[in-house]
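Structure first, then comments.
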Amino acid sequence: MSVIQIKDKRFKTFIPEEKILQEVARVAGEINRDLKDCNPLFLSVLNGSFMFTADLMKHLEIPCEISFVKLASYEGTSSSGKVKELVGLNESIEGRTVVIVEDIVDTGLTMQRLLETLRARNPKDIRIATLLVKPDKLKVDLDIHYVAMNIPNDFIVGYGLDYDGLGRNYRDIYTVIE
Ligand code: 5GP
């Protein structure tokens with residue numbers, strides 16, 4: 001186990017890279033099986049999902065496209081509930097199968113808002129693929145199709161996820177030491 005310091009907080013190794021990649025490959029396998037005939041459009045929600053997106057895409061063997069969007073709602077270590085507008089979606093999703101690629105679903109409010117925004121553009125189907133879910137924090141009823149890992153409520157960083165902009169570069173996932 002290793003301990004890292006980011007600003008005022010210390011974090012310890014929680015999920016090693018090997019385990020993350022194993023679960024990401026499993027999720028990719030499920031997507032390969034389910035969506036092979038529909039040329040899905042993956043919408044990677046930046047910034048947090050960039051590593052997950054890259055590793056997921058490497059395992060996809062079906063015709064598919066990808067686009068990158070932003071919908072930021074988070075400051076510090078607690079979800080604010082505020083959501084900003086969706087930016088970066090320039091193509092039509094009408095009639096398409098869309099797969100949202102997220103880093104983490106916490107309360108689910110960000111995802112709920114994103115779903116509403118995307119549904120207004122008349123896609124055929126929307127699926128959610130997320131690296132992490134905090135099941136005990138979920139406040140809304142969401143149908144999450146692909147989940148790499150469920151985790152407890154603690155604040156985590158690494159593998160794309162940040163604390164105040166820092167820590168996205170770590171290959172393992174770390175959890176805060178209280
Ligand atoms: P929600 O709207 O589901 O409460 O929050 C979703 C967003 O909050 C995620 O996309 C992510 O940016 C942020 N978030 C939630 N939990 C954590 C966490 O433990 N660590 C980090 N770095 N971000 C988190």
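How things are named: the first chain in the structure tokens is A, the next is B, and so on; residues count from 1 in each chain; ligands count from 1 in the order shown.
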**OP:** Within 9 Å of A:Asp55, counting only C-alpha atoms, which residues show up once you throw out same-chain ones fewer than 3 positions away? Write them as a ChimeraX atom specification, please.
**Re:** /A:21,24-25,50-52,58-59
**OP:** Give the helix (DSSP H, G or I) residues of stretch 108-173 of chain A, as assigned by DSSP on the backbone, as a ChimeraX atom specification.
**Re:** /A:109-119,135-137
Subject >> Who sits within 9 Å of A:Tyr170, only C-alpha atoms, same chain under 4 positions skipped, as a ChimeraX atom specification >> reply: /A:157-161,174
For A:Phe42, find every residue with an atom within 10 Å (counting only C-alpha atoms), except residues of its own chain fewer than 6 positions away, and show them as a PDB file with C-alpha atoms, in the first residue's frame.
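File written: around_12.pdb
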```pdb
ATOM      1  CA  THR A  53     -12.653   5.817 -21.579  1.00  0.00           C
ATOM      2  CA  MET A  57     -12.178   1.683 -25.884  1.00  0.00           C
ATOM      3  CA  CYS A  64     -18.521   2.408 -32.612  1.00  0.00           C
ATOM      4  CA  GLU A  65     -17.869   6.140 -32.441  1.00  0.00           C
ATOM      5  CA  ILE A  66     -16.780   8.420 -29.634  1.00  0.00           C
ATOM      6  CA  SER A  67     -17.294  12.026 -28.682  1.00  0.00           C
ATOM      7  CA  PHE A  68     -16.189  13.980 -25.604  1.00  0.00           C
ATOM      8  CA  THR A  97     -27.649   4.227 -29.381  1.00  0.00           C
ATOM      9  CA  VAL A  98     -25.687   6.397 -26.969  1.00  0.00           C
ATOM     10  CA  VAL A  99     -23.447   5.108 -24.188  1.00  0.00           C
ATOM     11  CA  ILE A 100     -22.547   7.670 -21.529  1.00  0.00           C
ATOM     12  CA  VAL A 101     -19.084   6.959 -20.155  1.00  0.00           C
ATOM     13  CA  ILE A 126     -29.206   5.621 -23.850  1.00  0.00           C
ATOM     14  CA  ARG A 127     -27.009   3.387 -21.735  1.00  0.00           C
ATOM     15  CA  ILE A 128     -24.747   4.288 -18.854  1.00  0.00           C
ATOM     16  CA  ALA A 129     -21.250   2.888 -18.401  1.00  0.00           C
TER      17      ALA A 129
END
```
Subject >> Residues near A:Asp106, cut-off 9 Å, only C-alpha atoms, skip fewer than 2 positions along chain, as a PyMOL selection string >> reply: chain A and resi 79+104+108-110+132-139+153
Can you write out the residues you just picked, keeping all heavy atoms, as an mmCIF file, in the first residue's frame?
```
data_model
loop_
_atom_site.group_PDB
_atom_site.id
_atom_site.type_symbol
_atom_site.label_atom_id
_atom_site.label_comp_id
_atom_site.auth_asym_id
_atom_site.auth_seq_id
_atom_site.Cartn_x
_atom_site.Cartn_y
_atom_site.Cartn_z
ATOM 1 N N SER A 79 -20.362 16.672 -3.213
ATOM 2 C CA SER A 79 -21.121 17.009 -4.408
ATOM 3 C C SER A 79 -22.004 18.216 -4.109
ATOM 4 O O SER A 79 -22.715 18.246 -3.122
ATOM 5 C CB SER A 79 -21.978 15.807 -4.797
ATOM 6 O OG SER A 79 -22.323 15.882 -6.125
ATOM 7 N N ILE A 104 -17.708 8.362 -12.186
ATOM 8 C CA ILE A 104 -18.315 7.932 -10.926
ATOM 9 C C ILE A 104 -19.733 8.481 -10.798
ATOM 10 O O ILE A 104 -19.996 9.619 -11.159
ATOM 11 C CB ILE A 104 -17.428 8.368 -9.728
ATOM 12 C CG1 ILE A 104 -17.979 7.857 -8.398
ATOM 13 C CG2 ILE A 104 -17.219 9.852 -9.683
ATOM 14 C CD1 ILE A 104 -16.962 7.936 -7.253
ATOM 15 N N GLY A 108 -25.984 10.695 -8.161
ATOM 16 C CA GLY A 108 -26.708 10.398 -9.395
ATOM 17 C C GLY A 108 -27.357 11.620 -10.022
ATOM 18 O O GLY A 108 -27.919 11.541 -11.115
ATOM 19 N N LEU A 109 -27.255 12.767 -9.345
ATOM 20 C CA LEU A 109 -27.923 13.975 -9.859
ATOM 21 C C LEU A 109 -27.306 14.451 -11.181
ATOM 22 O O LEU A 109 -28.020 14.867 -12.095
ATOM 23 C CB LEU A 109 -27.866 15.095 -8.809
ATOM 24 C CG LEU A 109 -28.719 14.824 -7.565
ATOM 25 C CD1 LEU A 109 -28.406 15.826 -6.461
ATOM 26 C CD2 LEU A 109 -30.207 14.863 -7.914
ATOM 27 N N THR A 110 -25.987 14.358 -11.278
ATOM 28 C CA THR A 110 -25.316 14.749 -12.521
ATOM 29 C C THR A 110 -25.807 13.872 -13.673
ATOM 30 O O THR A 110 -26.140 14.360 -14.758
ATOM 31 C CB THR A 110 -23.782 14.579 -12.372
ATOM 32 O OG1 THR A 110 -23.360 15.301 -11.226
ATOM 33 C CG2 THR A 110 -23.049 15.072 -13.598
ATOM 34 N N LEU A 132 -17.236 3.732 -11.551
ATOM 35 C CA LEU A 132 -17.536 3.544 -10.132
ATOM 36 C C LEU A 132 -18.959 3.991 -9.784
ATOM 37 O O LEU A 132 -19.476 4.932 -10.394
ATOM 38 C CB LEU A 132 -16.563 4.371 -9.279
ATOM 39 C CG LEU A 132 -15.072 4.061 -9.466
ATOM 40 C CD1 LEU A 132 -14.225 5.186 -8.914
ATOM 41 C CD2 LEU A 132 -14.717 2.741 -8.799
ATOM 42 N N VAL A 133 -19.545 3.317 -8.813
ATOM 43 C CA VAL A 133 -20.823 3.759 -8.230
ATOM 44 C C VAL A 133 -20.675 3.717 -6.715
ATOM 45 O O VAL A 133 -20.064 2.786 -6.176
ATOM 46 C CB VAL A 133 -22.000 2.834 -8.637
ATOM 47 C CG1 VAL A 133 -23.294 3.297 -7.967
ATOM 48 C CG2 VAL A 133 -22.197 2.788 -10.137
ATOM 49 N N LYS A 134 -21.221 4.744 -6.051
ATOM 50 C CA LYS A 134 -21.341 4.702 -4.585
ATOM 51 C C LYS A 134 -22.808 4.402 -4.290
ATOM 52 O O LYS A 134 -23.622 5.320 -4.168
ATOM 53 C CB LYS A 134 -20.948 6.049 -3.977
ATOM 54 C CG LYS A 134 -19.473 6.405 -4.125
ATOM 55 C CD LYS A 134 -19.183 7.760 -3.496
ATOM 56 C CE LYS A 134 -17.741 8.145 -3.652
ATOM 57 N NZ LYS A 134 -17.484 9.551 -3.272
ATOM 58 N N PRO A 135 -23.185 3.130 -4.202
ATOM 59 C CA PRO A 135 -24.607 2.759 -4.110
ATOM 60 C C PRO A 135 -25.323 3.397 -2.921
ATOM 61 O O PRO A 135 -26.499 3.732 -3.010
ATOM 62 C CB PRO A 135 -24.591 1.238 -3.968
ATOM 63 C CG PRO A 135 -23.222 0.803 -4.326
ATOM 64 C CD PRO A 135 -22.300 1.957 -4.136
ATOM 65 N N ASP A 136 -24.607 3.582 -1.814
ATOM 66 C CA ASP A 136 -25.267 4.129 -0.620
ATOM 67 C C ASP A 136 -25.519 5.623 -0.709
ATOM 68 O O ASP A 136 -26.210 6.196 0.136
ATOM 69 C CB ASP A 136 -24.429 3.828 0.629
ATOM 70 C CG ASP A 136 -24.328 2.332 0.876
ATOM 71 O OD1 ASP A 136 -25.195 1.599 0.368
ATOM 72 O OD2 ASP A 136 -23.371 1.902 1.555
ATOM 73 N N LYS A 137 -24.941 6.280 -1.717
ATOM 74 C CA LYS A 137 -25.132 7.722 -1.877
ATOM 75 C C LYS A 137 -26.210 8.056 -2.914
ATOM 76 O O LYS A 137 -26.662 9.186 -3.001
ATOM 77 C CB LYS A 137 -23.812 8.382 -2.315
ATOM 78 C CG LYS A 137 -22.758 8.495 -1.249
ATOM 79 C CD LYS A 137 -22.948 9.698 -0.311
ATOM 80 C CE LYS A 137 -22.565 11.032 -0.910
ATOM 81 N NZ LYS A 137 -21.140 11.272 -1.027
ATOM 82 N N LEU A 138 -26.592 7.070 -3.707
ATOM 83 C CA LEU A 138 -27.539 7.330 -4.798
ATOM 84 C C LEU A 138 -28.847 7.914 -4.278
ATOM 85 O O LEU A 138 -29.470 7.360 -3.377
ATOM 86 C CB LEU A 138 -27.838 6.016 -5.527
ATOM 87 C CG LEU A 138 -27.089 5.732 -6.825
ATOM 88 C CD1 LEU A 138 -27.502 4.368 -7.368
ATOM 89 C CD2 LEU A 138 -27.334 6.816 -7.869
ATOM 90 N N LYS A 139 -29.231 9.047 -4.852
ATOM 91 C CA LYS A 139 -30.473 9.710 -4.421
ATOM 92 C C LYS A 139 -31.589 9.535 -5.426
ATOM 93 O O LYS A 139 -32.728 9.869 -5.151
ATOM 94 C CB LYS A 139 -30.217 11.220 -4.310
ATOM 95 C CG LYS A 139 -29.507 11.673 -3.077
ATOM 96 C CD LYS A 139 -29.577 13.198 -3.039
ATOM 97 C CE LYS A 139 -28.674 13.766 -1.985
ATOM 98 N NZ LYS A 139 -28.390 15.172 -2.223
ATOM 99 N N ASN A 153 -18.767 5.080 0.509
ATOM 100 C CA ASN A 153 -18.990 6.524 0.346
ATOM 101 C C ASN A 153 -17.751 7.415 0.390
ATOM 102 O O ASN A 153 -17.855 8.605 0.163
ATOM 103 C CB ASN A 153 -19.947 7.015 1.431
ATOM 104 C CG ASN A 153 -21.356 6.535 1.156
ATOM 105 O OD1 ASN A 153 -21.630 6.061 0.055
ATOM 106 N ND2 ASN A 153 -22.233 6.639 2.132
#
```
List the neighbours of A:Val69 out to 7 Å using only C-alpha atoms; skip same-chain residues closer than 5 positions along the sequence, and give me the result as a PDB file with all heavy atoms, in the first residue's frame.
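What landed in result30.pdb:
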```
ATOM      1  N   LEU A  43     -20.263   8.639 -25.368  1.00  0.00           N
ATOM      2  CA  LEU A  43     -20.081  10.025 -24.936  1.00  0.00           C
ATOM      3  C   LEU A  43     -19.286  10.005 -23.638  1.00  0.00           C
ATOM      4  O   LEU A  43     -19.810   9.664 -22.575  1.00  0.00           O
ATOM      5  CB  LEU A  43     -21.433  10.705 -24.696  1.00  0.00           C
ATOM      6  CG  LEU A  43     -22.275  11.046 -25.914  1.00  0.00           C
ATOM      7  CD1 LEU A  43     -23.494  11.847 -25.487  1.00  0.00           C
ATOM      8  CD2 LEU A  43     -21.474  11.833 -26.945  1.00  0.00           C
ATOM      9  N   SER A  44     -18.021  10.344 -23.752  1.00  0.00           N
ATOM     10  CA  SER A  44     -17.130  10.346 -22.599  1.00  0.00           C
ATOM     11  C   SER A  44     -17.256  11.683 -21.877  1.00  0.00           C
ATOM     12  O   SER A  44     -17.052  12.738 -22.469  1.00  0.00           O
ATOM     13  CB  SER A  44     -15.702  10.133 -23.102  1.00  0.00           C
ATOM     14  OG  SER A  44     -14.777  10.351 -22.070  1.00  0.00           O
ATOM     15  N   VAL A  45     -17.608  11.613 -20.598  1.00  0.00           N
ATOM     16  CA  VAL A  45     -17.828  12.837 -19.828  1.00  0.00           C
ATOM     17  C   VAL A  45     -16.507  13.268 -19.179  1.00  0.00           C
ATOM     18  O   VAL A  45     -16.027  12.653 -18.224  1.00  0.00           O
ATOM     19  CB  VAL A  45     -18.924  12.629 -18.763  1.00  0.00           C
ATOM     20  CG1 VAL A  45     -19.235  13.956 -18.073  1.00  0.00           C
ATOM     21  CG2 VAL A  45     -20.194  12.044 -19.386  1.00  0.00           C
ATOM     22  N   LEU A  46     -15.938  14.312 -19.732  1.00  0.00           N
ATOM     23  CA  LEU A  46     -14.659  14.839 -19.233  1.00  0.00           C
ATOM     24  C   LEU A  46     -14.880  15.684 -17.983  1.00  0.00           C
ATOM     25  O   LEU A  46     -15.965  16.186 -17.789  1.00  0.00           O
ATOM     26  CB  LEU A  46     -13.997  15.685 -20.330  1.00  0.00           C
ATOM     27  CG  LEU A  46     -13.621  14.911 -21.595  1.00  0.00           C
ATOM     28  CD1 LEU A  46     -13.109  15.865 -22.646  1.00  0.00           C
ATOM     29  CD2 LEU A  46     -12.593  13.836 -21.294  1.00  0.00           C
ATOM     30  N   LEU A  86     -24.355  21.112 -20.669  1.00  0.00           N
ATOM     31  CA  LEU A  86     -23.614  20.150 -21.480  1.00  0.00           C
ATOM     32  C   LEU A  86     -22.892  20.900 -22.594  1.00  0.00           C
ATOM     33  O   LEU A  86     -23.517  21.653 -23.334  1.00  0.00           O
ATOM     34  CB  LEU A  86     -24.599  19.150 -22.085  1.00  0.00           C
ATOM     35  CG  LEU A  86     -24.044  18.120 -23.057  1.00  0.00           C
ATOM     36  CD1 LEU A  86     -23.164  17.109 -22.340  1.00  0.00           C
ATOM     37  CD2 LEU A  86     -25.183  17.405 -23.772  1.00  0.00           C
ATOM     38  N   VAL A  87     -21.604  20.711 -22.694  1.00  0.00           N
ATOM     39  CA  VAL A  87     -20.862  21.334 -23.808  1.00  0.00           C
ATOM     40  C   VAL A  87     -20.103  20.268 -24.588  1.00  0.00           C
ATOM     41  O   VAL A  87     -19.715  19.243 -24.047  1.00  0.00           O
ATOM     42  CB  VAL A  87     -19.870  22.428 -23.315  1.00  0.00           C
ATOM     43  CG1 VAL A  87     -20.595  23.646 -22.798  1.00  0.00           C
ATOM     44  CG2 VAL A  87     -18.903  21.891 -22.282  1.00  0.00           C
ATOM     45  N   GLY A  88     -19.929  20.537 -25.868  1.00  0.00           N
ATOM     46  CA  GLY A  88     -19.083  19.679 -26.703  1.00  0.00           C
ATOM     47  C   GLY A  88     -19.823  18.666 -27.547  1.00  0.00           C
ATOM     48  O   GLY A  88     -19.199  17.946 -28.326  1.00  0.00           O
ATOM     49  N   LEU A  89     -21.152  18.593 -27.396  1.00  0.00           N
ATOM     50  CA  LEU A  89     -21.885  17.627 -28.219  1.00  0.00           C
ATOM     51  C   LEU A  89     -22.355  18.327 -29.493  1.00  0.00           C
ATOM     52  O   LEU A  89     -23.390  18.990 -29.502  1.00  0.00           O
ATOM     53  CB  LEU A  89     -23.075  17.039 -27.450  1.00  0.00           C
ATOM     54  CG  LEU A  89     -23.869  15.973 -28.203  1.00  0.00           C
ATOM     55  CD1 LEU A  89     -22.981  14.806 -28.620  1.00  0.00           C
ATOM     56  CD2 LEU A  89     -25.031  15.461 -27.372  1.00  0.00           C
TER      57      LEU A  89
END
```
